[in-house]
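Enquirer: Take a look at structure04.tsv, TSV, C-alpha atoms and all ligand atoms:
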```
chain	number	residue	atom	x	y	z
A	914	MET	CA	-33.62	33.28	-72.78
A	915	PRO	CA	-33.12	29.92	-74.56
A	916	MET	CA	-33.67	29.90	-78.32
A	917	ALA	CA	-36.55	27.86	-79.70
A	918	ALA	CA	-35.44	24.82	-81.69
A	919	THR	CA	-36.49	26.30	-85.03
A	920	GLN	CA	-34.75	29.55	-84.29
A	921	MET	CA	-31.67	27.59	-83.36
A	922	VAL	CA	-31.72	25.68	-86.62
A	923	PHE	CA	-32.18	28.90	-88.54
A	924	PHE	CA	-29.32	30.48	-86.64
A	925	LEU	CA	-27.03	27.54	-87.40
A	926	LEU	CA	-27.97	27.63	-91.07
A	927	ALA	CA	-27.14	31.33	-91.21
A	928	VAL	CA	-23.73	30.66	-89.63
A	929	ALA	CA	-23.07	27.78	-92.01
A	930	GLU	CA	-24.01	29.95	-94.97
A	931	SER	CA	-21.70	32.78	-93.97
A	932	VAL	CA	-18.87	30.26	-93.60
A	933	VAL	CA	-19.57	29.01	-97.13
A	934	LEU	CA	-19.83	32.50	-98.58
A	935	GLN	CA	-16.52	33.57	-97.11
A	936	SER	CA	-14.82	30.46	-98.37
A	937	GLU	CA	-15.58	31.58	-101.94
A	938	ALA	CA	-13.05	34.43	-101.60
A	939	ARG	CA	-9.56	33.56	-102.74
A	940	ALA	CA	-7.38	32.29	-99.91
A	941	PHE	CA	-3.71	33.27	-99.65
A	942	PHE	CA	-0.95	31.08	-98.23
A	943	VAL	CA	2.62	32.11	-97.54
A	944	PHE	CA	5.71	29.94	-97.07
A	945	GLY	CA	9.35	30.84	-96.58
A	946	ASP	CA	11.77	32.94	-94.55
A	947	SER	CA	12.10	36.36	-92.87
A	948	LEU	CA	11.27	38.23	-96.07
A	949	VAL	CA	7.71	36.97	-95.68
A	950	ASP	CA	7.38	35.94	-92.00
A	951	SER	CA	4.55	37.94	-90.42
A	952	GLY	CA	5.22	36.86	-86.84
A	953	ASN	CA	5.43	33.08	-86.47
A	954	ASN	CA	8.81	33.38	-84.79
A	955	ASN	CA	7.25	35.46	-81.98
A	956	TYR	CA	5.84	32.17	-80.70
A	957	LEU	CA	9.15	30.27	-80.83
A	958	VAL	CA	12.32	30.05	-78.81
A	959	THR	CA	14.64	31.54	-81.40
A	960	THR	CA	17.04	34.42	-81.86
A	961	ALA	CA	15.57	35.17	-85.34
A	962	ARG	CA	12.89	37.65	-84.31
A	963	ALA	CA	11.59	41.12	-85.06
A	964	ASP	CA	9.31	41.67	-82.09
A	965	SER	CA	10.92	44.70	-80.51
A	966	PRO	CA	11.18	48.36	-81.55
A	967	PRO	CA	12.01	49.94	-83.90
A	968	TYR	CA	10.59	47.09	-86.03
A	969	GLY	CA	7.04	48.06	-86.95
A	970	ILE	CA	7.65	51.79	-86.49
A	971	ASP	CA	5.62	52.52	-89.66
A	972	TYR	CA	3.13	49.65	-89.25
A	973	PRO	CA	-0.46	50.88	-88.79
A	974	THR	CA	-0.19	50.18	-85.02
A	975	HIS	CA	3.37	51.61	-84.91
A	976	ARG	CA	4.35	48.54	-82.92
A	977	PRO	CA	6.57	45.54	-83.70
A	978	THR	CA	4.68	42.51	-85.03
A	979	GLY	CA	7.44	40.09	-85.98
A	980	ARG	CA	7.61	41.42	-89.54
A	981	PHE	CA	11.18	42.19	-90.64
A	982	SER	CA	10.20	45.61	-91.94
A	983	ASN	CA	9.60	49.14	-90.74
A	984	GLY	CA	6.00	48.67	-91.87
A	985	LEU	CA	4.28	46.23	-94.20
A	986	ASN	CA	6.01	43.25	-95.77
A	987	ILE	CA	5.54	41.67	-99.21
A	988	PRO	CA	2.60	39.38	-98.23
A	989	ASP	CA	0.76	42.33	-96.62
A	990	ILE	CA	1.09	44.38	-99.79
A	991	ILE	CA	-0.07	41.48	-101.97
A	992	SER	CA	-3.12	41.08	-99.68
A	993	GLU	CA	-3.76	44.80	-99.95
A	994	ARG	CA	-3.59	44.59	-103.77
A	995	ILE	CA	-6.04	41.68	-103.94
A	996	GLY	CA	-8.40	43.41	-101.54
A	997	ALA	CA	-7.97	40.93	-98.70
A	998	GLN	CA	-7.10	41.19	-95.02
A	999	PRO	CA	-3.44	40.40	-94.21
A	1000	VAL	CA	-3.12	36.68	-93.47
A	1001	LEU	CA	-2.27	35.75	-89.90
A	1002	PRO	CA	0.79	33.75	-88.85
A	1003	TYR	CA	-0.16	30.09	-88.53
A	1004	LEU	CA	0.97	30.02	-84.88
A	1005	SER	CA	-1.18	33.01	-83.93
A	1006	PRO	CA	-3.89	32.04	-81.43
A	1007	GLU	CA	-6.21	34.39	-83.33
A	1008	LEU	CA	-6.11	32.17	-86.41
A	1009	THR	CA	-9.35	30.24	-85.79
A	1010	ALA	CA	-12.80	29.64	-87.32
A	1011	GLN	CA	-13.69	32.17	-90.06
A	1012	ARG	CA	-10.21	33.63	-90.18
A	1013	LEU	CA	-8.74	30.28	-91.23
A	1014	LEU	CA	-10.64	30.58	-94.51
A	1015	ASN	CA	-8.63	33.64	-95.58
A	1016	GLY	CA	-5.48	31.53	-95.58
A	1017	ALA	CA	-2.41	31.40	-93.35
A	1018	ASN	CA	1.21	32.43	-93.24
A	1019	PHE	CA	3.59	29.55	-92.41
A	1020	ALA	CA	6.86	31.45	-92.96
A	1021	SER	CA	9.59	31.52	-90.35
A	1022	ALA	CA	12.63	33.78	-90.25
A	1023	GLY	CA	15.99	32.04	-90.50
A	1024	ILE	CA	14.96	28.98	-92.51
A	1025	GLY	CA	16.19	27.80	-95.88
A	1026	ILE	CA	15.56	25.15	-98.48
A	1027	LEU	CA	17.87	22.84	-96.55
A	1028	ASN	CA	17.23	21.57	-93.05
A	1029	ASP	CA	20.71	22.55	-91.88
A	1030	THR	CA	20.26	26.20	-92.90
A	1031	GLY	CA	19.79	28.56	-89.96
A	1032	PHE	CA	20.67	25.92	-87.36
A	1033	GLN	CA	22.11	28.76	-85.23
A	1034	PHE	CA	18.61	30.20	-84.79
A	1035	LEU	CA	17.55	27.05	-82.91
A	1036	ASN	CA	13.80	26.51	-82.96
A	1037	VAL	CA	12.51	27.80	-86.33
A	1038	ILE	CA	9.88	26.26	-88.65
A	1039	ARG	CA	11.86	24.57	-91.41
A	1040	MET	CA	10.33	24.00	-94.84
A	1041	TYR	CA	9.28	20.39	-94.29
A	1042	ARG	CA	7.52	21.50	-91.10
A	1043	GLN	CA	5.78	24.40	-92.88
A	1044	LEU	CA	4.38	21.82	-95.30
A	1045	GLU	CA	3.25	19.61	-92.40
A	1046	TYR	CA	1.46	22.61	-90.92
A	1047	PHE	CA	-0.21	23.19	-94.29
A	1048	GLN	CA	-1.54	19.62	-94.11
A	1049	GLN	CA	-2.70	20.18	-90.54
A	1050	TYR	CA	-4.36	23.43	-91.65
A	1051	GLN	CA	-6.34	21.52	-94.28
A	1052	GLN	CA	-7.53	19.03	-91.65
A	1053	ARG	CA	-8.68	21.87	-89.39
A	1054	VAL	CA	-10.51	23.61	-92.23
A	1055	GLY	CA	-11.93	20.28	-93.38
A	1056	ALA	CA	-13.59	19.89	-89.98
A	1057	LEU	CA	-15.12	23.33	-90.46
A	1058	ILE	CA	-16.39	23.31	-94.05
A	1059	GLY	CA	-15.89	19.74	-95.24
A	1060	VAL	CA	-13.21	18.03	-97.27
A	1061	ASP	CA	-14.49	18.96	-100.75
A	1062	ARG	CA	-14.80	22.66	-100.05
A	1063	THR	CA	-11.41	22.66	-98.38
A	1064	LYS	CA	-9.90	21.12	-101.48
A	1065	ARG	CA	-11.52	23.80	-103.62
A	1066	LEU	CA	-10.32	26.52	-101.27
A	1067	VAL	CA	-6.74	25.24	-101.50
A	1068	ASN	CA	-6.84	24.63	-105.28
A	1069	GLY	CA	-8.18	28.14	-105.83
A	1070	ALA	CA	-5.72	29.84	-103.50
A	1071	LEU	CA	-2.84	32.11	-104.33
A	1072	ILE	CA	0.40	30.92	-102.78
A	1073	LEU	CA	3.66	32.79	-102.22
A	1074	ILE	CA	6.96	31.10	-101.43
A	1075	THR	CA	10.17	33.01	-100.68
A	1076	VAL	CA	13.13	30.92	-99.59
A	1077	GLY	CA	16.75	30.32	-100.64
A	1078	GLY	CA	18.70	33.42	-99.60
A	1079	ASN	CA	19.51	31.91	-96.21
A	1080	ASP	CA	20.95	28.80	-97.84
A	1081	PHE	CA	23.78	31.08	-98.92
A	1082	VAL	CA	23.98	33.71	-96.19
A	1083	ASN	CA	23.16	31.50	-93.22
A	1084	ASN	CA	24.71	28.29	-94.44
A	1085	TYR	CA	27.29	28.10	-97.26
A	1086	TYR	CA	28.81	31.53	-96.48
A	1087	LEU	CA	27.97	31.70	-92.77
A	1088	VAL	CA	31.53	30.97	-91.71
A	1089	PRO	CA	34.70	30.37	-93.70
A	1090	TYR	CA	35.09	26.66	-94.49
A	1091	SER	CA	31.46	25.90	-93.63
A	1092	ALA	CA	30.47	22.23	-93.87
A	1093	ARG	CA	28.49	22.83	-97.07
A	1094	SER	CA	31.31	24.80	-98.71
A	1095	ARG	CA	33.72	21.98	-97.96
A	1096	GLN	CA	31.22	19.49	-99.37
A	1097	PHE	CA	30.32	21.41	-102.56
A	1098	ALA	CA	31.92	23.85	-104.99
A	1099	LEU	CA	29.51	26.75	-105.49
A	1100	PRO	CA	28.07	25.59	-108.87
A	1101	ASP	CA	27.38	22.13	-107.42
A	1102	TYR	CA	25.82	23.59	-104.30
A	1103	VAL	CA	23.48	25.67	-106.46
A	1104	LYS	CA	22.45	22.56	-108.42
A	1105	PHE	CA	21.83	20.72	-105.16
A	1106	LEU	CA	19.70	23.57	-103.77
A	1107	VAL	CA	17.61	23.81	-106.92
A	1108	SER	CA	16.97	20.06	-106.90
A	1109	GLU	CA	15.99	20.10	-103.20
A	1110	TYR	CA	13.72	23.09	-103.86
A	1111	ARG	CA	12.07	21.16	-106.68
A	1112	LYS	CA	11.13	18.40	-104.22
A	1113	LEU	CA	9.53	20.92	-101.85
A	1114	LEU	CA	7.52	22.47	-104.68
A	1115	MET	CA	6.32	19.07	-105.88
A	1116	GLU	CA	5.18	18.39	-102.33
A	1117	LEU	CA	3.33	21.71	-102.27
A	1118	TYR	CA	1.66	20.71	-105.54
A	1119	LYS	CA	0.65	17.36	-104.05
A	1120	LEU	CA	-0.90	19.23	-101.13
A	1121	GLY	CA	-3.19	21.05	-103.58
A	1122	ALA	CA	-1.29	24.20	-104.56
A	1123	ARG	CA	-2.25	25.28	-108.09
A	1124	ARG	CA	-1.05	28.90	-108.30
A	1125	VAL	CA	2.32	29.48	-106.72
A	1126	LEU	CA	4.33	32.66	-106.92
A	1127	VAL	CA	8.00	31.78	-106.39
A	1128	THR	CA	10.53	34.53	-105.79
A	1129	GLY	CA	14.23	34.17	-106.56
A	1130	THR	CA	16.86	35.58	-104.24
A	1131	GLY	CA	17.65	39.29	-104.25
A	1132	PRO	CA	21.13	40.61	-105.09
A	1133	LEU	CA	22.52	38.96	-101.97
A	1134	GLY	CA	25.96	40.55	-102.21
A	1135	CYS	CA	24.61	44.11	-102.17
A	1136	ALA	CA	22.75	44.02	-98.83
A	1137	PRO	CA	24.24	46.46	-96.28
A	1138	ALA	CA	25.32	43.48	-94.14
A	1139	GLU	CA	27.45	42.17	-97.00
A	1140	LEU	CA	28.78	45.61	-97.95
A	1141	ALA	CA	29.93	45.96	-94.35
A	1142	THR	CA	31.55	42.54	-94.04
A	1143	ARG	CA	32.53	41.32	-97.51
A	1144	GLY	CA	32.25	44.24	-99.92
A	1145	THR	CA	35.30	45.52	-101.75
A	1146	ASN	CA	35.75	49.32	-101.85
A	1147	GLY	CA	32.08	50.03	-101.27
A	1148	GLY	CA	31.02	47.55	-103.93
A	1149	CYS	CA	28.86	44.47	-103.56
A	1150	SER	CA	30.36	41.15	-102.49
A	1151	ASP	CA	31.47	39.44	-105.72
A	1152	GLU	CA	31.14	35.97	-104.26
A	1153	LEU	CA	27.52	36.41	-103.10
A	1154	GLN	CA	26.59	38.15	-106.35
A	1155	ARG	CA	28.05	35.20	-108.19
A	1156	ALA	CA	25.94	32.85	-106.06
A	1157	ALA	CA	22.74	34.79	-106.85
A	1158	SER	CA	23.61	34.92	-110.56
A	1159	LEU	CA	24.10	31.17	-110.69
A	1160	TYR	CA	21.03	30.35	-108.62
A	1161	ASN	CA	18.30	32.55	-110.11
A	1162	PRO	CA	18.47	31.42	-113.77
A	1163	GLN	CA	18.57	27.77	-112.71
A	1164	LEU	CA	15.52	28.33	-110.53
A	1165	VAL	CA	13.66	29.79	-113.52
A	1166	GLU	CA	14.67	26.81	-115.70
A	1167	MET	CA	13.62	24.29	-113.07
A	1168	LEU	CA	10.19	25.95	-112.72
A	1169	LYS	CA	9.68	26.04	-116.49
A	1170	ARG	CA	10.35	22.32	-116.66
A	1171	LEU	CA	8.12	21.64	-113.67
A	1172	ASN	CA	5.25	23.51	-115.36
A	1173	GLN	CA	5.87	21.50	-118.54
A	1174	LYS	CA	5.77	18.26	-116.60
A	1175	ILE	CA	2.52	19.25	-114.88
A	1176	GLY	CA	1.12	20.61	-118.15
A	1177	LYS	CA	0.00	23.91	-116.61
A	1178	ASP	CA	1.61	27.15	-115.43
A	1179	VAL	CA	1.28	26.37	-111.74
A	1180	PHE	CA	4.53	28.15	-110.87
A	1181	ILE	CA	5.07	31.83	-111.64
A	1182	VAL	CA	8.56	33.10	-110.91
A	1183	ALA	CA	9.58	36.62	-109.96
A	1184	ASN	CA	13.08	37.64	-110.96
A	1185	THR	CA	13.67	39.43	-107.68
A	1186	GLN	CA	17.37	39.76	-108.35
A	1187	ARG	CA	16.83	41.90	-111.43
A	1188	LEU	CA	13.94	43.76	-109.90
A	1189	HIS	CA	15.86	44.60	-106.75
A	1190	MET	CA	19.01	45.36	-108.74
A	1191	ASP	CA	17.16	48.13	-110.57
A	1192	PHE	CA	16.93	50.22	-107.47
A	1193	ILE	CA	20.36	49.24	-106.27
A	1194	SER	CA	21.92	50.54	-109.49
A	1195	ASN	CA	19.77	53.65	-109.66
A	1196	PRO	CA	18.23	54.42	-106.26
A	1197	GLN	CA	17.34	58.02	-107.14
A	1198	ALA	CA	15.07	56.88	-109.96
A	1199	TYR	CA	12.90	55.21	-107.31
A	1200	GLY	CA	12.94	58.04	-104.81
A	1201	PHE	CA	15.63	56.54	-102.56
A	1202	THR	CA	18.55	58.61	-101.31
A	1203	THR	CA	20.54	55.40	-100.76
A	1204	SER	CA	20.39	51.70	-101.47
A	1205	LYS	CA	23.64	50.99	-99.63
A	1206	VAL	CA	23.07	52.22	-96.09
A	1207	ALA	CA	20.44	50.49	-93.97
A	1208	CYS	CA	17.98	52.72	-92.17
A	1209	CYS	CA	18.46	50.83	-88.89
A	1210	GLY	CA	21.78	49.35	-87.76
A	1211	GLN	CA	25.32	50.29	-86.83
A	1212	GLY	CA	28.83	50.29	-88.23
A	1213	PRO	CA	29.71	50.76	-91.90
A	1214	TYR	CA	26.52	51.05	-94.02
A	1215	ASN	CA	24.59	50.43	-90.77
A	1216	GLY	CA	25.30	46.87	-91.84
A	1217	LEU	CA	26.66	45.30	-88.66
A	1218	GLY	CA	24.69	43.43	-86.00
A	1219	LEU	CA	20.96	43.68	-85.39
A	1220	CYS	CA	18.50	46.52	-85.64
A	1221	THR	CA	17.59	47.41	-82.03
A	1222	GLU	CA	16.48	50.36	-79.94
A	1223	ILE	CA	20.08	51.53	-79.56
A	1224	SER	CA	20.89	51.37	-83.31
A	1225	ASN	CA	21.16	54.36	-85.62
A	1226	LEU	CA	17.73	55.00	-87.06
A	1227	CYS	CA	17.07	57.11	-90.15
A	1228	GLN	CA	14.42	59.84	-90.12
A	1229	ASN	CA	12.56	59.06	-93.33
A	1230	ARG	CA	12.24	55.34	-93.99
A	1231	SER	CA	10.91	55.80	-97.53
A	1232	GLN	CA	14.27	57.17	-98.61
A	1233	TYR	CA	16.05	53.89	-97.82
A	1234	ALA	CA	15.92	50.74	-99.94
A	1235	PHE	CA	17.05	48.68	-96.94
A	1236	TRP	CA	15.33	48.89	-93.58
A	1237	ASP	CA	17.86	46.75	-91.67
A	1238	PRO	CA	21.14	45.10	-92.78
A	1239	PHE	CA	19.26	42.35	-94.67
A	1240	HIS	CA	15.65	43.36	-95.28
A	1241	PRO	CA	14.01	45.85	-97.66
A	1242	SER	CA	12.02	48.81	-96.37
A	1243	GLU	CA	8.25	48.93	-96.83
A	1244	LYS	CA	8.83	51.33	-99.74
A	1245	ALA	CA	11.14	48.81	-101.44
A	1246	ASN	CA	8.62	46.03	-100.74
A	1247	ARG	CA	5.98	48.13	-102.50
A	1248	LEU	CA	8.18	48.49	-105.57
A	1249	ILE	CA	8.84	44.75	-105.58
A	1250	VAL	CA	5.12	43.95	-105.37
A	1251	GLU	CA	4.40	46.50	-108.12
A	1252	SER	CA	6.74	44.60	-110.45
A	1253	ILE	CA	5.22	41.27	-109.42
A	1254	PHE	CA	1.80	42.55	-110.48
A	1255	SER	CA	2.73	44.54	-113.56
A	1256	GLY	CA	6.28	43.65	-114.61
A	1257	SER	CA	7.19	42.59	-118.12
A	1258	THR	CA	8.25	39.03	-118.92
A	1259	SER	CA	11.86	39.91	-118.14
A	1260	TYR	CA	10.77	40.21	-114.51
A	1261	MET	CA	7.91	37.73	-114.36
A	1262	VAL	CA	8.00	34.29	-116.01
A	1263	PRO	CA	5.79	33.18	-117.70
A	1264	MET	CA	3.57	36.17	-116.83
A	1265	ASN	CA	2.87	38.80	-114.22
A	1266	LEU	CA	0.40	38.46	-111.37
A	1267	SER	CA	-2.20	40.79	-112.90
A	1268	THR	CA	-2.36	38.59	-115.98
A	1269	THR	CA	-2.42	35.47	-113.79
A	1270	MET	CA	-5.26	36.79	-111.63
A	1271	ALA	CA	-7.26	37.78	-114.71
A	1272	LEU	CA	-6.82	34.27	-116.13
A	1273	ASP	CA	-7.84	32.66	-112.83
A	1274	ALA	CA	-10.94	34.83	-112.55
A	1275	ARG	CA	-12.18	33.46	-115.88
A	1276	THR	CA	-11.91	29.78	-114.94
A	1301	LIG	C1	14.49	17.45	-93.33
A	1301	LIG	O1	14.12	16.89	-92.09
A	1301	LIG	C2	12.90	16.15	-92.10
A	1301	LIG	C3	12.58	15.71	-90.70
A	1301	LIG	O2	13.65	15.13	-90.08
A	1301	LIG	C4	13.02	14.98	-93.07
A	1301	LIG	O3	11.81	14.31	-93.15
A	1301	LIG	C5	13.39	15.52	-94.45
A	1301	LIG	O4	13.60	14.47	-95.35
A	1301	LIG	C6	14.64	16.36	-94.37
A	1301	LIG	N1	14.89	16.96	-95.67
A	1301	LIG	C7	16.07	16.88	-96.27
A	1301	LIG	C8	16.18	17.54	-97.61
A	1301	LIG	O5	17.03	16.34	-95.78
A	1302	LIG	C1	10.14	61.11	-97.01
A	1302	LIG	O1	10.75	60.86	-98.24
A	1302	LIG	C2	9.84	60.74	-99.33
A	1302	LIG	C3	10.64	60.32	-100.55
A	1302	LIG	O2	11.74	61.14	-100.79
A	1302	LIG	C4	9.11	62.05	-99.51
A	1302	LIG	O3	8.19	61.95	-100.57
A	1302	LIG	C5	8.39	62.41	-98.22
A	1302	LIG	O4	7.79	63.68	-98.31
A	1302	LIG	C6	9.34	62.39	-97.04
A	1302	LIG	N1	8.59	62.52	-95.81
A	1302	LIG	C7	8.92	63.38	-94.87
A	1302	LIG	C8	8.05	63.37	-93.65
A	1302	LIG	O5	9.86	64.13	-94.96
A	1303	LIG	C1	1.61	42.91	-116.85
A	1303	LIG	O1	0.50	43.50	-116.23
A	1303	LIG	C2	-0.04	44.67	-116.82
A	1303	LIG	C3	-1.29	45.03	-116.06
A	1303	LIG	O2	-1.01	45.50	-114.83
A	1303	LIG	C4	-0.27	44.52	-118.28
A	1303	LIG	O3	-0.74	45.73	-118.84
A	1303	LIG	C5	0.99	44.11	-118.96
A	1303	LIG	O4	0.81	43.93	-120.32
A	1303	LIG	C6	1.54	42.86	-118.35
A	1303	LIG	N1	2.82	42.60	-118.96
A	1303	LIG	C7	3.14	41.44	-119.49
A	1303	LIG	C8	4.44	41.37	-120.20
A	1303	LIG	O5	2.45	40.46	-119.36
```
Can I see the file as structure tokens?
Expert:
Amino acid sequence: MPMAATQMVFFLLAVAESVVLQSEARAFFVFGDSLVDSGNNNYLVTTARADSPPYGIDYPTHRPTGRFSNGLNIPDIISERIGAQPVLPYLSPELTAQRLLNGANFASAGIGILNDTGFQFLNVIRMYRQLEYFQQYQQRVGALIGVDRTKRLVNGALILITVGGNDFVNNYYLVPYSARSRQFALPDYVKFLVSEYRKLLMELYKLGARRVLVTGTGPLGCAPAELATRGTNGGCSDELQRAASLYNPQLVEMLKRLNQKIGKDVFIVANTQRLHMDFISNPQAYGFTTSKVACCGQGPYNGLGLCTEISNLCQNRSQYAFWDPFHPSEKANRLIVESIFSGSTSYMVPMNLSTTMALDART
């Protein structure tokens, strides 16, 4: 039965109102690499993917989703903590209408700060493209709720960006005598990366980002993949540890200066190297039996090749700091997010996310 005109108007008003109401909730946007990709690469022709078992074995559906984790990843746990639904990958066909207003995840496994990072993975969404998609997102949402409200939604959003590890692992150190390592000595490469990263963050700011959580790299040299291929006598790879130790403090400095230039603490940085190093140096204190052996993999430390159905798989994933040769387990991700929310200023500069959220709620 056709609706009467007045009923129709009323119905449309009700829909419009619910769209507005939902847009008042804080949106969440995610940019970066496999540490935060929630499944964009499932839609691409690439070898960097996590869409087959045993990935997702501890996810609520117990099925692979494209997350590089046994269960939840860092963005999921942040969403959980802020009481929001997990944000969908931007390429997901389910990301339409209402759901767009919760935010979007633009991250893509394999990418780096530099365009040439991860070239071996073929078709991945590089940083400049993630930013283009963010612009496109704003146009789509603008058509839904108008330009002004879209601007407010973006300005009020929480943003997470995790990128940089691949610029070492899948670029500078990918092969001996890589093009970048012939072009730059390590300290100069680090300076170059930090200055390129600065440009990306300025662009993000121009696109409306006003609260951005930036994570440094983890202790790159201590991942099972590096222990298996570069480690010396069961220790971490000195060279990759040196890279992380040069990079992280310069990242913090760059962000401090960027905040000064803007005149506001737009960028909050998580010292993920220190945070992650805590459970690498003392796994038992965090309930892990090991931080050296990956739960899923093969070869020494389960650190060689990919995690697949024919890999060794540990029984109890919460006892392992690393799920696969490169990526933390859900349990480790939970510890990382805990520090992001509640860590002291030696982990979170200039302040932790709880303090940040409390400040934002007041304005
Ligand atoms: C990366 O590639 C895009 C598209 O070709 C280009 O616009 C951008 O300037 C490049 N970025 C760098 C740092 O070279
Ligand atoms: C798995 O390990 C965690 C941490 O040691 C422990 O609390 C939990 O009971 C274990 N689960 C099973 C099923 O054994
Ligand atoms: C971080 O967050 C917690 C609340 O979870 C707060 O009690 C603590 O003081 C904060 N630490 C710093 C150094 O800001």
Enquirer: Restricting the calculation to all atoms listed in the file, which member of A:Phe981, A:Tyr1046, A:Tyr1102, A:Phe1097 is positioned closest to Glu1243 of chain A?
Expert: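 The answer is A:Phe981, which sits nearest to Glu1243 of chain A.
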Enquirer: Can you tell me which residues come within 10 Å of ligand LIG 1303 (chain A) when counting only C-alpha atoms and all ligand atoms, ideally as a list in words?
Expert: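 With only C-alpha atoms and all ligand atoms and a cut-off of 10 Å, ligand LIG 1303 (chain A) is contacted by Glu1251, Ser1252, Ile1253, Phe1254, Ser1255, Gly1256, Ser1257, Thr1258, Ser1259, Tyr1260, Met1261, Val1262, Pro1263, Met1264, Asn1265, Leu1266, Ser1267, Thr1268, Thr1269, Met1270 and Ala1271 of chain A.
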Enquirer: Hey, which residues sit close to ligand LIG 1301 (chain A)? Say within 9 Å, counting all atoms listed in the file, and write them as JSON, numbers by chain.
Expert: {"A": [1026, 1027, 1028, 1029, 1039, 1040, 1041, 1042, 1109, 1110, 1112, 1113]}
Enquirer: May I ask for the distance between atom CA of Asn1079 of chain A and atom CA of Ala1022 of chain A, given in Å to one decimal place?
Expert: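 Computed distance, atom CA of Asn1079 of chain A to atom CA of Ala1022 of chain A, equals 9.3 Å.
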Enquirer: Measuring between all atoms listed in the file, which one of A:Ser982, A:Cys1209, A:Leu1133, A:Val1127 shows the shortest distance to Tyr968 of chain A?
Expert: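 Result for the nearest residue to Tyr968 of chain A: A:Ser982.
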Enquirer: What residues of the protein or nucleic acid chains come within 10 Å of ligand LIG 1302 (chain A) when you use only C-alpha atoms and all ligand atoms? Reply as a list in words.
Expert: Gln1197, Tyr1199, Gly1200, Phe1201, Thr1202, Gln1228, Asn1229, Arg1230, Ser1231, Gln1232, Tyr1233 and Lys1244 of chain A
Enquirer: Would you work out the distance separating atom CA of Cys1135 of chain A from atom CA of Arg1095 of chain A, expressed in Å to one decimal?
Expert: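 Between atom CA of Cys1135 of chain A and atom CA of Arg1095 of chain A the gap works out to 24.3 Å.
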Enquirer: Please report the interatomic distance between atom CA of Glu1152 of chain A and atom CA of Leu1099 of chain A in Å with one decimal.
Expert: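 Separation between atom CA of Glu1152 of chain A and atom CA of Leu1099 of chain A: 9.4 Å.
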Enquirer: Could you give me, as a count of residues only, the residues within 6 Å of segment 1036-1038 of chain A, counting only C-alpha atoms and dropping anything in the same chain fewer than 4 positions from it?
Expert: 4
Enquirer: Restricting the calculation to only C-alpha atoms: of A:Asp964, A:Glu1045, A:Asp1101, A:Glu1139, which residue gets closest to Gly979 of chain A?
Expert: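 Distance minimum relative to Gly979 of chain A lands on A:Asp964.
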Enquirer: Identify, on the basis of all atoms listed in the file, every residue whose closest approach to Pro1213 of chain A does not exceed 10 Å; exclude the query and any residue fewer than 3 positions from it along the same chain; express the result as a count of residues only.
Expert: 12
Enquirer: From (11.5, 39.9, -99.0), in the file's coordinates, out to 10 Å: which residues are reached, counting all atoms listed in the file? Answer as a list in words.
Expert: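 Selection result: Gly945, Asp946, Ser947, Leu948, Val949, Asp950, Phe981, Ser982, Asn986, Ile987, Pro988, Thr1075, Val1076, Gly1078, Thr1128, Gly1129, Thr1130, Gly1131, Thr1185, Phe1239, His1240, Pro1241, Ser1242, Glu1243, Ala1245, Asn1246, Ile1249 and Val1250 of chain A.
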Enquirer: Restricted to C-alpha atoms, what would the selected residues look like written as a CSV table (one decimal), in the coordinates of the input?
Expert:
```csv
chain,number,residue,atom,x,y,z
A,945,GLY,CA,9.4,30.8,-96.6
A,946,ASP,CA,11.8,32.9,-94.6
A,947,SER,CA,12.1,36.4,-92.9
A,948,LEU,CA,11.3,38.2,-96.1
A,949,VAL,CA,7.7,37.0,-95.7
A,950,ASP,CA,7.4,35.9,-92.0
A,981,PHE,CA,11.2,42.2,-90.6
A,982,SER,CA,10.2,45.6,-91.9
A,986,ASN,CA,6.0,43.2,-95.8
A,987,ILE,CA,5.5,41.7,-99.2
A,988,PRO,CA,2.6,39.4,-98.2
A,1075,THR,CA,10.2,33.0,-100.7
A,1076,VAL,CA,13.1,30.9,-99.6
A,1078,GLY,CA,18.7,33.4,-99.6
A,1128,THR,CA,10.5,34.5,-105.8
A,1129,GLY,CA,14.2,34.2,-106.6
A,1130,THR,CA,16.9,35.6,-104.2
A,1131,GLY,CA,17.6,39.3,-104.2
A,1185,THR,CA,13.7,39.4,-107.7
A,1239,PHE,CA,19.3,42.4,-94.7
A,1240,HIS,CA,15.6,43.4,-95.3
A,1241,PRO,CA,14.0,45.8,-97.7
A,1242,SER,CA,12.0,48.8,-96.4
A,1243,GLU,CA,8.2,48.9,-96.8
A,1245,ALA,CA,11.1,48.8,-101.4
A,1246,ASN,CA,8.6,46.0,-100.7
A,1249,ILE,CA,8.8,44.8,-105.6
A,1250,VAL,CA,5.1,44.0,-105.4
```
Enquirer: Taking (-9.3, 32.3, -96.2) in the file's own coordinates, collect the residues within 7 Å, counting all atoms listed in the file, and hand them back as a list in words.
Expert: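 Checked against the point, the hits come out as Ser936, Ala938, Arg939, Ala940, Phe941, Arg1012, Leu1013, Leu1014, Asn1015 and Gly1016 of chain A.
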Enquirer: For Phe1192 of chain A, list every protein, DNA or RNA residue within 8 Å, evaluated using only C-alpha atoms, and leave out those in the same chain fewer than 6 positions away; present the list as a PyMOL selection string.
Expert: chain A and resi 1198-1199+1204+1234
Enquirer: Skip Gly952 of chain A itself and residues of its chain fewer than 6 positions away, then list as a ChimeraX atom specification all residues within 6 Å of it, counting all atoms listed in the file.
Expert: /A:978-980,1002
Enquirer: Counting all atoms listed in the file, what is within 8 Å of Leu1168 of chain A, bar same-chain residues fewer than 6 positions away, as a list in words?
Expert: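 With the cut-off at 8 Å, the set is Arg1111, Phe1180, Ile1181 and Val1182 of chain A.
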